[in-house]
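Worksheet for the structure shown next.
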Amino acid sequence: MDDEAMITRGRRAATDGMPSGRARGRLADEVYDTLLEQLMSLRIEPDSRVTIDVLARELGVSQTPIRDALNRMEAEGLVVRVPHAGYRIPPQITRHRFEDMIEVRLLLEPAAARRSAERASSEQVADLRRMLEEMAELEGGKGPMAYGAFGLRDAALHDLVALSAENQVIREALARLHSHVHLFRLHRDAQVTHLAMAEHEEVVAAIAARDPDGAAYAMRRHILRSGERFRRLFDEVKDADAMAVEA
């Protein structure tokens with residue numbers, strides 16, 4: 001699916017079939033998801049400015065759900081309000097912040113996967129498998145919006161694991177990290193989605209098999225490998241900066 005198709009689908013999700021009495025919160029959630037996709041796809045670039053009126057015209061909705069979505073993103077640290085100038089997207093995360101984030105995920109997510117294997121209902125396992133199917137459909141998609149949509153579902157899959165673990169504290173802590181937003185903003189690379197898919201399948205398979213040790217191991221391995229993939233991006237930037245100084 002190309003960028004134009006992804007953008008069209010995002011607009012349709014926010015506007016099609018919308019009766020006048022439609023709940024404001026639902027539309028704000030859809031706008032929020034669309035903006036997250038654009039952040040992760042780098043269609044909205046780090047350290048760039050965004051304004052409510054421009055986004056409203058682009059998405060074909062009123063300013064109210066845009067404002068609600070941006071207020072939520074500001075509270076979560078995903079955007080910064082600039083007085084009299086709209087909002088600004090924060091710069092990319094630092095290497096130090098990245099390492100801290102990986103450390104916290106290694107403490108929490110294998111434990112969540114273990115509990116999920118012990119506690120997940122059959123309906124929750126089915127939800128995990130459906131999410132994998134959605135991700136598989138997007139894996140081969142072309143363009144940044146397909147990458148962003150994959151990232152959004154990647155985050156949703158991890159949230160489903162935490163939800164099925166029945167530990168709300170772990171789920172809330174992981175949600176506050178917004179790790180997938182920050183990681184997917186680092187670089188747009190189809191190889192990331194391909195490798196992540198195989199690792200996710202191992203996690204879900206262990207949960208479905210009611211194998212707590214296997215689920216924890218698969219999740220830990222996924223986070224470590226994901227960290228290695230994204231860590232190389234910091235090294236590449238560092239090497240490029242060094243070469244620029246030498247030149």
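Order determines the names: the first chain of the structure tokens is A, the second B, and so forth; residues in each chain are numbered 1 upward, and ligands are numbered 1 upward as they are shown.
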Shell of 8 Å around A:His182, only C-alpha atoms, local chain residues under 2 positions omitted, as JSON, numbers by chain: {"A": [40, 92, 93, 178, 179, 180, 184, 185, 186]}
Contact residues around A:Leu70 with only C-alpha atoms at 10 Å, ignoring same-chain residues under 6 positions, as a PyMOL selection string: chain A and resi 28+31-32+35+50-52+64+76+78-81+86-87
Generate a file of the selected residues that holds N, CA and C atoms, formatted as a compact mmCIF listing (two decimals), in the first residue's frame.
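result10.txt written:
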```txt
# COMPACT_ATOMS: atom_id res chain seq x y z
N ALA A 28 -11.52 12.07 18.37
CA ALA A 28 -10.22 12.52 18.87
C ALA A 28 -9.24 11.35 18.95
N VAL A 31 -8.03 10.68 15.43
CA VAL A 31 -7.05 11.69 15.04
C VAL A 31 -5.72 11.43 15.75
N TYR A 32 -5.80 11.07 17.02
CA TYR A 32 -4.59 10.74 17.79
C TYR A 32 -3.82 9.61 17.12
N LEU A 35 -2.14 10.81 13.91
CA LEU A 35 -0.95 11.62 14.17
C LEU A 35 0.22 10.75 14.64
N VAL A 50 3.88 22.06 14.10
CA VAL A 50 2.56 21.67 13.61
C VAL A 50 1.53 22.63 14.19
N THR A 51 0.52 22.93 13.41
CA THR A 51 -0.53 23.83 13.86
C THR A 51 -1.89 23.16 13.71
N ILE A 52 -2.82 23.58 14.55
CA ILE A 52 -4.14 22.96 14.58
C ILE A 52 -4.88 23.18 13.27
N THR A 64 -11.62 20.90 16.80
CA THR A 64 -11.83 20.37 18.16
C THR A 64 -11.16 19.01 18.39
N GLU A 76 1.51 13.51 27.21
CA GLU A 76 2.35 12.31 27.12
C GLU A 76 3.76 12.62 26.65
N LEU A 78 4.73 13.83 23.74
CA LEU A 78 4.97 13.56 22.33
C LEU A 78 5.00 14.83 21.49
N VAL A 79 4.40 15.90 21.99
CA VAL A 79 4.51 17.21 21.36
C VAL A 79 4.72 18.24 22.45
N VAL A 80 5.20 19.42 22.06
CA VAL A 80 5.44 20.51 23.01
C VAL A 80 4.65 21.72 22.54
N ARG A 81 3.87 22.30 23.43
CA ARG A 81 3.11 23.50 23.08
C ARG A 81 4.04 24.71 23.04
N GLY A 86 1.38 27.34 18.14
CA GLY A 86 0.98 25.96 17.91
C GLY A 86 1.81 24.97 18.71
N TYR A 87 2.25 23.91 18.05
CA TYR A 87 2.99 22.85 18.72
C TYR A 87 4.27 22.53 17.94
```
Computed interatomic separation between atom CA of A:Ala56 and atom CA of A:Leu39 (Å): 16.2 Å
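If only C-alpha atoms are the atoms counted, then among A:Ala146, A:Ala206, A:Glu137, A:Glu74 the closest residue to A:Gln38 is A:Ala146.
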Strand (DSSP E) per DSSP on the backbone: members of stretch 31-239 of chain A, as number ranges by chain: A: 49-50, 80-82, 86-88
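Separating atom CA of A:Ala85 from atom CA of A:Thr34 is a distance of 21.7 Å.
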Tell me, counting only C-alpha atoms, for each residue of stretch 203-231 of chain A within 10 Å of stretch 111-127 of chain A, which pair of atoms is nearest and how far apart they are in Å to one decimal, in rows ordered by chain and increasing number, as JSON lines.
```
{"residue": "A:Val203", "atom": "CA", "partner": "A:Ala113", "partner_atom": "CA", "distance": 7.6}
{"residue": "A:Val204", "atom": "CA", "partner": "A:Val125", "partner_atom": "CA", "distance": 7.7}
{"residue": "A:Ala205", "atom": "CA", "partner": "A:Val125", "partner_atom": "CA", "distance": 9.3}
{"residue": "A:Ala206", "atom": "CA", "partner": "A:Ala117", "partner_atom": "CA", "distance": 7.0}
{"residue": "A:Ile207", "atom": "CA", "partner": "A:Ala117", "partner_atom": "CA", "distance": 4.1}
{"residue": "A:Ala208", "atom": "CA", "partner": "A:Val125", "partner_atom": "CA", "distance": 6.1}
{"residue": "A:Ala209", "atom": "CA", "partner": "A:Ala117", "partner_atom": "CA", "distance": 7.5}
{"residue": "A:Arg210", "atom": "CA", "partner": "A:Ala117", "partner_atom": "CA", "distance": 4.7}
{"residue": "A:Asp211", "atom": "CA", "partner": "A:Ala117", "partner_atom": "CA", "distance": 5.8}
{"residue": "A:Pro212", "atom": "CA", "partner": "A:Arg114", "partner_atom": "CA", "distance": 4.3}
{"residue": "A:Asp213", "atom": "CA", "partner": "A:Arg114", "partner_atom": "CA", "distance": 6.4}
{"residue": "A:Gly214", "atom": "CA", "partner": "A:Arg114", "partner_atom": "CA", "distance": 7.9}
{"residue": "A:Ala215", "atom": "CA", "partner": "A:Ala113", "partner_atom": "CA", "distance": 5.4}
{"residue": "A:Ala216", "atom": "CA", "partner": "A:Arg114", "partner_atom": "CA", "distance": 4.9}
{"residue": "A:Tyr217", "atom": "CA", "partner": "A:Arg114", "partner_atom": "CA", "distance": 8.6}
{"residue": "A:Ala218", "atom": "CA", "partner": "A:Ala113", "partner_atom": "CA", "distance": 8.6}
{"residue": "A:Met219", "atom": "CA", "partner": "A:Ala113", "partner_atom": "CA", "distance": 6.7}
{"residue": "A:Arg220", "atom": "CA", "partner": "A:Ala113", "partner_atom": "CA", "distance": 9.1}
```
Residue selection dump (C-alpha atoms) as a compact mmCIF listing (two decimals), in the first residue's frame:
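result.txt written:
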```txt
# COMPACT_ATOMS: atom_id res chain seq x y z
CA VAL A 203 6.20 -14.43 21.50
CA VAL A 204 2.57 -15.04 20.54
CA ALA A 205 3.21 -18.73 19.82
CA ALA A 206 4.66 -19.21 23.32
CA ILE A 207 1.72 -17.38 24.91
CA ALA A 208 -0.75 -19.49 22.92
CA ALA A 209 1.11 -22.66 23.99
CA ARG A 210 0.83 -21.60 27.65
CA ASP A 211 4.63 -21.64 27.94
CA PRO A 212 5.58 -18.92 30.48
CA ASP A 213 9.34 -19.50 30.25
CA GLY A 214 9.22 -19.57 26.46
CA ALA A 215 7.15 -16.40 26.30
CA ALA A 216 9.48 -14.52 28.65
CA TYR A 217 12.54 -15.71 26.72
CA ALA A 218 11.04 -14.81 23.34
CA MET A 219 10.09 -11.32 24.55
CA ARG A 220 13.51 -10.71 26.08
```
Per-residue DSSP, stretch 20-227 of chain A, filtered to alpha helix (DSSP H), as an MDAnalysis selection string: chainID A and resid 24:40 52:59 63:75 95:119 122:139 144:164 168:177 179:186 190:208 212:227
Between atom CA of A:Glu199 and atom CA of A:His187, distance in Å (one decimal):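 Value for the atom CA of A:Glu199-atom CA of A:His187 distance: 19.1 Å.
Using only C-alpha atoms, the residues found no farther than 10 Å from A:Ala156, other than those of its own chain fewer than 4 positions away, are Leu128, Met131, Phe150, Gly151, Leu152, Leu160, Val161, Ala162, Ala175 and His180 of chain A.
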From A:Ile170, A:Arg88, A:Glu109, A:Met135, residue lying nearest A:His222 [only C-alpha atoms]: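 Closest residue, counting only C-alpha atoms: A:Glu109.
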